[in-house]
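Structure data follow from start26.pdb (PDB, C-alpha atoms and all ligand atoms):
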ATOM      1  CA  MET A   1      17.363 -13.275   8.319
ATOM      2  CA  LYS A   2      13.762 -12.280   7.980
ATOM      3  CA  LYS A   3      12.502  -9.812  10.482
ATOM      4  CA  GLU A   4       8.806  -9.206  10.575
ATOM      5  CA  MET A   5       8.293  -5.495  10.601
ATOM      6  CA  THR A   6       4.593  -5.094  10.490
ATOM      7  CA  ASN A   7       1.520  -6.922   9.435
ATOM      8  CA  ILE A   8      -0.312  -4.691   7.035
ATOM      9  CA  GLY A   9      -3.392  -6.859   7.094
ATOM     10  CA  GLU A  10      -5.497  -8.081   4.270
ATOM     11  CA  ILE A  11      -4.882  -7.180   0.701
ATOM     12  CA  SER A  12      -7.031  -7.728  -2.272
ATOM     13  CA  LYS A  13      -5.525  -9.751  -5.056
ATOM     14  CA  LYS A  14      -6.877 -10.974  -8.334
ATOM     15  CA  ASN A  15      -6.605 -14.708  -8.826
ATOM     16  CA  LYS A  16      -6.111 -16.392 -12.166
ATOM     17  CA  ALA A  17      -9.808 -16.356 -12.964
ATOM     18  CA  GLY A  18      -9.801 -12.592 -12.492
ATOM     19  CA  LYS A  19     -11.799 -12.819  -9.288
ATOM     20  CA  ASN A  20     -10.837 -10.667  -6.380
ATOM     21  CA  THR A  21      -9.690 -12.643  -3.396
ATOM     22  CA  THR A  22      -8.374 -11.388  -0.124
ATOM     23  CA  THR A  23      -5.437 -12.699   1.764
ATOM     24  CA  ASP A  24      -3.571 -11.823   4.879
ATOM     25  CA  ILE A  25      -0.231 -10.277   4.162
ATOM     26  CA  SER A  26       2.881  -9.534   6.168
ATOM     27  CA  LEU A  27       5.510  -6.993   5.339
ATOM     28  CA  TYR A  28       9.056  -8.001   6.043
ATOM     29  CA  GLU A  29      12.054  -5.781   6.186
ATOM     30  CA  LEU A  30      15.098  -7.626   4.914
ATOM     31  CA  GLU A  31      17.640  -4.871   4.844
ATOM     32  CA  ASN A  32      17.483  -1.127   5.126
ATOM     33  CA  ASP A  33      15.222  -0.521   2.185
ATOM     34  CA  THR A  34      14.277  -3.957   1.032
ATOM     35  CA  TYR A  35      10.808  -5.136   1.824
ATOM     36  CA  LEU A  36       8.976  -8.299   1.047
ATOM     37  CA  LEU A  37       5.288  -8.943   1.197
ATOM     38  CA  ASP A  38       4.620 -12.427   2.411
ATOM     39  CA  THR A  39       1.261 -13.816   1.478
ATOM     40  CA  PRO A  40       0.249 -17.278   2.669
ATOM     41  CA  GLY A  41      -0.777 -19.437  -0.251
ATOM     42  CA  PHE A  42       0.802 -17.071  -2.719
ATOM     43  CA  GLN A  43       4.320 -16.552  -3.855
ATOM     44  CA  THR A  44       6.218 -13.928  -1.986
ATOM     45  CA  ILE A  45       5.811 -10.639  -3.780
ATOM     46  CA  ASP A  46       8.592  -8.163  -4.138
ATOM     47  CA  ILE A  47       7.000  -4.975  -2.931
ATOM     48  CA  TYR A  48       8.692  -3.039  -5.689
ATOM     49  CA  GLU A  49       6.612  -4.886  -8.216
ATOM     50  CA  ILE A  50       3.796  -2.696  -6.981
ATOM     51  CA  GLU A  51       3.595   0.759  -8.491
ATOM     52  CA  SER A  52       3.172   3.591  -6.022
ATOM     53  CA  ARG A  53      -0.060   4.734  -7.649
ATOM     54  CA  GLU A  54      -1.424   1.211  -7.321
ATOM     55  CA  LEU A  55      -0.537   0.824  -3.676
ATOM     56  CA  ALA A  56      -3.833   2.071  -2.234
ATOM     57  CA  LYS A  57      -5.586  -0.803  -3.996
ATOM     58  CA  TYR A  58      -3.722  -3.239  -1.762
ATOM     59  CA  PHE A  59      -5.224  -1.676   1.321
ATOM     60  CA  ILE A  60      -8.686  -3.118   0.966
ATOM     61  CA  GLU A  61     -10.466  -0.860   3.419
ATOM     62  CA  PHE A  62      -9.295   2.191   1.456
ATOM     63  CA  LYS A  63     -11.360   1.097  -1.509
ATOM     64  CA  ASP A  64     -14.655   2.399  -0.158
ATOM     65  CA  TYR A  65     -13.267   5.897   0.294
ATOM     66  CA  ILE A  66     -11.122   6.370  -2.798
ATOM     67  CA  GLN A  67     -14.220   7.373  -4.730
ATOM     68  CA  ASN A  68     -14.492  10.429  -2.480
ATOM     69  CA  CYS A  69     -11.112  11.752  -3.590
ATOM     70  CA  GLU A  70     -11.266  14.838  -5.753
ATOM     71  CA  TYR A  71      -8.622  13.638  -8.186
ATOM     72  CA  VAL A  72      -8.335  10.256  -9.828
ATOM     73  CA  SER A  73      -4.570  10.523  -9.418
ATOM     74  CA  CYS A  74      -4.877  11.307  -5.693
ATOM     75  CA  THR A  75      -1.905  10.026  -3.696
ATOM     76  CA  HIS A  76      -3.890  10.378  -0.431
ATOM     77  CA  ILE A  77      -1.000  12.195   1.174
ATOM     78  CA  LYS A  78      -0.840  15.876   0.222
ATOM     79  CA  GLU A  79      -4.251  16.404  -1.309
ATOM     80  CA  GLU A  80      -6.829  18.464   0.557
ATOM     81  CA  LYS A  81     -10.021  16.850  -0.667
ATOM     82  CA  CYS A  82      -9.072  13.251  -0.124
ATOM     83  CA  GLY A  83     -11.557  10.526   0.724
ATOM     84  CA  ILE A  84      -8.898   8.473   2.495
ATOM     85  CA  LYS A  85      -7.793  11.324   4.705
ATOM     86  CA  ASN A  86     -11.394  12.119   5.573
ATOM     87  CA  ALA A  87     -12.028   8.492   6.471
ATOM     88  CA  LEU A  88      -8.917   8.579   8.633
ATOM     89  CA  LYS A  89     -10.169  11.698  10.398
ATOM     90  CA  ASP A  90     -13.514   9.975  11.039
ATOM     91  CA  GLY A  91     -11.729   6.943  12.460
ATOM     92  CA  LYS A  92     -12.882   4.667   9.641
ATOM     93  CA  ILE A  93      -9.325   3.853   8.671
ATOM     94  CA  SER A  94      -6.758   3.058  11.351
ATOM     95  CA  LYS A  95      -3.910   5.491  11.760
ATOM     96  CA  GLU A  96      -1.416   2.631  11.794
ATOM     97  CA  ARG A  97      -2.581   1.346   8.444
ATOM     98  CA  TYR A  98      -2.479   4.820   6.963
ATOM     99  CA  GLU A  99       1.047   5.371   8.268
ATOM    100  CA  ASN A 100       2.128   2.073   6.754
ATOM    101  CA  TYR A 101       0.623   3.232   3.501
ATOM    102  CA  ILE A 102       2.615   6.483   3.538
ATOM    103  CA  LYS A 103       5.831   4.709   4.476
ATOM    104  CA  ILE A 104       5.564   2.164   1.697
ATOM    105  CA  TYR A 105       4.327   4.778  -0.755
ATOM    106  CA  ASN A 106       7.349   6.984  -0.155
ATOM    107  CA  ASP A 107       9.701   4.038  -0.536
ATOM    108  CA  LEU A 108       8.117   3.026  -3.821
ATOM    109  CA  LYS A 109       8.154   6.595  -5.071
ATOM    110  CA  ASP A 110      11.818   6.930  -4.149
ATOM    111  CA  LYS A 111      12.641   3.785  -6.027
ATOM    112  CA  GLU A 112      10.703   4.920  -9.080
ATOM    113  CA  GLU A 113      12.379   8.303  -9.159
ATOM    114  CA  HIS A 114      15.862   6.845  -8.911
ATOM    115  CA  LYS A 115      15.330   4.281 -11.604
ATOM    116  CA  TRP A 116      16.730   6.485 -14.332
TER
HETATM  117 ZN    ZN A 201      -7.144  10.500  -1.807
END
Can the structure from this file be put into structure tokens for me?
Ligand SMILES: [Zn+2]
Amino acid sequence: MKKEMTNIGEISKKNKAGKNTTTDISLYELENDTYLLDTPGFQTIDIYEIESRELAKYFIEFKDYIQNCEYVSCTHIKEEKCGIKNALKDGKISKERYENYIKIYNDLKDKEEHKW
């Protein structure tokens, strides 16, 4: 049974021609820690195919602020000088979206760390 947990909004996705397209995406929770991203017109993506450090790229409105991060490897969670966190403080990024980001990020990170 699919249960829609939250709609995380539009993501940016490269199509076959290498062009960036955007699509609306829904995040489904299947079981305790199994999520699926459902994208109309695309195949369903297993969220764990996304690497944690790549996750911010799927949140299209983050893109404008990532350049303000002090570190290229910024996770946008613990860092002090973070463009995303500043944008959040200024109300340019919604708190809900940011919280979704953290939740998914932590799940991905968990998965990556327990792989081996
Ligand atoms: Zn950052």
Using all atoms listed in the file, tabulate the residues of chain A lying at most 8 Å from any atom of ligand ZN 201 (chain A), each with its closest atom pair and that distance in Å to one decimal, by chain and increasing residue number, as a tab-separated table.
residue	atom	partner	partner_atom	distance
A:Tyr65	CA	A:ZN201	ZN	7.9
A:Ile66	CA	A:ZN201	ZN	5.8
A:Asn68	CA	A:ZN201	ZN	7.4
A:Cys69	CA	A:ZN201	ZN	4.5
A:Glu70	CA	A:ZN201	ZN	7.2
A:Tyr71	CA	A:ZN201	ZN	7.3
A:Cys74	CA	A:ZN201	ZN	4.6
A:Thr75	CA	A:ZN201	ZN	5.6
A:His76	CA	A:ZN201	ZN	3.5
A:Ile77	CA	A:ZN201	ZN	7.0
A:Glu79	CA	A:ZN201	ZN	6.6
A:Lys81	CA	A:ZN201	ZN	7.1
A:Cys82	CA	A:ZN201	ZN	3.8
A:Gly83	CA	A:ZN201	ZN	5.1
A:Ile84	CA	A:ZN201	ZN	5.1
A:Lys85	CA	A:ZN201	ZN	6.6
Exercise. Residues at most 9 Å from A:Glu61, counting all atoms listed in the file, excluding those fewer than 2 positions away in the same chain, as a PyMOL selection string?
Worked result: chain A and resi 10-11+57-59+63-65+92-93
Seminar exercise, completed: Atom pair atom CA of A:Tyr98 + atom CA of A:Glu80, distance 15.7 Å
For this session: Could you check how far atom CA of A:Lys109 sits from atom CA of A:Ser52, in Å to one decimal?
Result: 5.9 Å
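Rounded to one decimal, atom CA of A:Lys95 and atom CA of A:His114 lie 28.6 Å from each other.
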Just so I have it separately, write stretch 83-94 of chain A from the block I sent, keeping all heavy atoms, as a PDB file, in the first residue's frame.
ATOM      1  N   GLY A  83      24.661  29.098   2.610  1.00  0.00           N
ATOM      2  CA  GLY A  83      23.744  29.892   1.811  1.00  0.00           C
ATOM      3  C   GLY A  83      22.300  29.437   1.949  1.00  0.00           C
ATOM      4  O   GLY A  83      21.369  30.238   1.923  1.00  0.00           O
ATOM      5  N   ILE A  84      22.113  28.136   2.095  1.00  0.00           N
ATOM      6  CA  ILE A  84      20.765  27.575   2.236  1.00  0.00           C
ATOM      7  C   ILE A  84      20.151  28.005   3.570  1.00  0.00           C
ATOM      8  O   ILE A  84      18.992  28.430   3.628  1.00  0.00           O
ATOM      9  CB  ILE A  84      20.807  26.026   2.180  1.00  0.00           C
ATOM     10  CG1 ILE A  84      21.458  25.535   0.883  1.00  0.00           C
ATOM     11  CG2 ILE A  84      19.416  25.439   2.345  1.00  0.00           C
ATOM     12  CD1 ILE A  84      20.713  25.838  -0.381  1.00  0.00           C
ATOM     13  N   LYS A  85      20.947  27.903   4.625  1.00  0.00           N
ATOM     14  CA  LYS A  85      20.423  28.262   5.931  1.00  0.00           C
ATOM     15  C   LYS A  85      20.118  29.760   6.020  1.00  0.00           C
ATOM     16  O   LYS A  85      19.163  30.165   6.674  1.00  0.00           O
ATOM     17  CB  LYS A  85      21.393  27.821   7.029  1.00  0.00           C
ATOM     18  CG  LYS A  85      21.300  26.320   7.277  1.00  0.00           C
ATOM     19  CD  LYS A  85      22.451  25.784   8.059  1.00  0.00           C
ATOM     20  CE  LYS A  85      22.366  26.158   9.534  1.00  0.00           C
ATOM     21  NZ  LYS A  85      23.471  25.521  10.294  1.00  0.00           N
ATOM     22  N   ASN A  86      20.948  30.554   5.361  1.00  0.00           N
ATOM     23  CA  ASN A  86      20.681  31.992   5.315  1.00  0.00           C
ATOM     24  C   ASN A  86      19.385  32.292   4.567  1.00  0.00           C
ATOM     25  O   ASN A  86      18.596  33.125   4.990  1.00  0.00           O
ATOM     26  CB  ASN A  86      21.849  32.747   4.669  1.00  0.00           C
ATOM     27  CG  ASN A  86      22.985  32.970   5.656  1.00  0.00           C
ATOM     28  OD1 ASN A  86      22.771  33.037   6.862  1.00  0.00           O
ATOM     29  ND2 ASN A  86      24.190  33.066   5.139  1.00  0.00           N
ATOM     30  N   ALA A  87      19.200  31.600   3.449  1.00  0.00           N
ATOM     31  CA  ALA A  87      17.991  31.786   2.652  1.00  0.00           C
ATOM     32  C   ALA A  87      16.756  31.363   3.453  1.00  0.00           C
ATOM     33  O   ALA A  87      15.700  31.985   3.377  1.00  0.00           O
ATOM     34  CB  ALA A  87      18.083  30.990   1.348  1.00  0.00           C
ATOM     35  N   LEU A  88      16.926  30.330   4.251  1.00  0.00           N
ATOM     36  CA  LEU A  88      15.840  29.856   5.104  1.00  0.00           C
ATOM     37  C   LEU A  88      15.487  30.919   6.143  1.00  0.00           C
ATOM     38  O   LEU A  88      14.319  31.228   6.372  1.00  0.00           O
ATOM     39  CB  LEU A  88      16.276  28.560   5.802  1.00  0.00           C
ATOM     40  CG  LEU A  88      15.311  27.948   6.815  1.00  0.00           C
ATOM     41  CD1 LEU A  88      14.152  27.269   6.105  1.00  0.00           C
ATOM     42  CD2 LEU A  88      16.019  26.947   7.701  1.00  0.00           C
ATOM     43  N   LYS A  89      16.530  31.499   6.732  1.00  0.00           N
ATOM     44  CA  LYS A  89      16.347  32.540   7.740  1.00  0.00           C
ATOM     45  C   LYS A  89      15.624  33.752   7.146  1.00  0.00           C
ATOM     46  O   LYS A  89      14.810  34.390   7.796  1.00  0.00           O
ATOM     47  CB  LYS A  89      17.715  32.975   8.285  1.00  0.00           C
ATOM     48  CG  LYS A  89      17.733  33.105   9.803  1.00  0.00           C
ATOM     49  CD  LYS A  89      19.064  33.642  10.309  1.00  0.00           C
ATOM     50  CE  LYS A  89      20.273  32.835   9.864  1.00  0.00           C
ATOM     51  NZ  LYS A  89      21.570  33.437  10.223  1.00  0.00           N
ATOM     52  N   ASP A  90      15.947  34.057   5.889  1.00  0.00           N
ATOM     53  CA  ASP A  90      15.329  35.204   5.202  1.00  0.00           C
ATOM     54  C   ASP A  90      13.960  34.867   4.620  1.00  0.00           C
ATOM     55  O   ASP A  90      13.348  35.698   3.958  1.00  0.00           O
ATOM     56  CB  ASP A  90      16.237  35.692   4.065  1.00  0.00           C
ATOM     57  CG  ASP A  90      17.548  36.257   4.590  1.00  0.00           C
ATOM     58  OD1 ASP A  90      17.630  36.533   5.799  1.00  0.00           O
ATOM     59  OD2 ASP A  90      18.484  36.409   3.788  1.00  0.00           O
ATOM     60  N   GLY A  91      13.516  33.632   4.825  1.00  0.00           N
ATOM     61  CA  GLY A  91      12.207  33.235   4.324  1.00  0.00           C
ATOM     62  C   GLY A  91      12.164  32.957   2.833  1.00  0.00           C
ATOM     63  O   GLY A  91      11.105  32.899   2.225  1.00  0.00           O
ATOM     64  N   LYS A  92      13.335  32.796   2.218  1.00  0.00           N
ATOM     65  CA  LYS A  92      13.376  32.541   0.773  1.00  0.00           C
ATOM     66  C   LYS A  92      13.178  31.065   0.455  1.00  0.00           C
ATOM     67  O   LYS A  92      12.850  30.689  -0.664  1.00  0.00           O
ATOM     68  CB  LYS A  92      14.710  33.027   0.186  1.00  0.00           C
ATOM     69  CG  LYS A  92      14.813  34.534   0.139  1.00  0.00           C
ATOM     70  CD  LYS A  92      16.220  34.949  -0.234  1.00  0.00           C
ATOM     71  CE  LYS A  92      16.362  36.470  -0.139  1.00  0.00           C
ATOM     72  NZ  LYS A  92      17.774  36.847   0.119  1.00  0.00           N
ATOM     73  N   ILE A  93      13.432  30.240   1.442  1.00  0.00           N
ATOM     74  CA  ILE A  93      13.197  28.808   1.307  1.00  0.00           C
ATOM     75  C   ILE A  93      12.205  28.431   2.392  1.00  0.00           C
ATOM     76  O   ILE A  93      12.341  28.874   3.533  1.00  0.00           O
ATOM     77  CB  ILE A  93      14.516  28.015   1.478  1.00  0.00           C
ATOM     78  CG1 ILE A  93      15.403  28.210   0.249  1.00  0.00           C
ATOM     79  CG2 ILE A  93      14.241  26.530   1.710  1.00  0.00           C
ATOM     80  CD1 ILE A  93      16.775  27.577   0.383  1.00  0.00           C
ATOM     81  N   SER A  94      11.211  27.610   2.059  1.00  0.00           N
ATOM     82  CA  SER A  94      10.204  27.281   3.072  1.00  0.00           C
ATOM     83  C   SER A  94      10.782  26.283   4.072  1.00  0.00           C
ATOM     84  O   SER A  94      11.580  25.410   3.738  1.00  0.00           O
ATOM     85  CB  SER A  94       8.930  26.743   2.423  1.00  0.00           C
ATOM     86  OG  SER A  94       9.000  25.345   2.289  1.00  0.00           O
TER      87      SER A  94
END
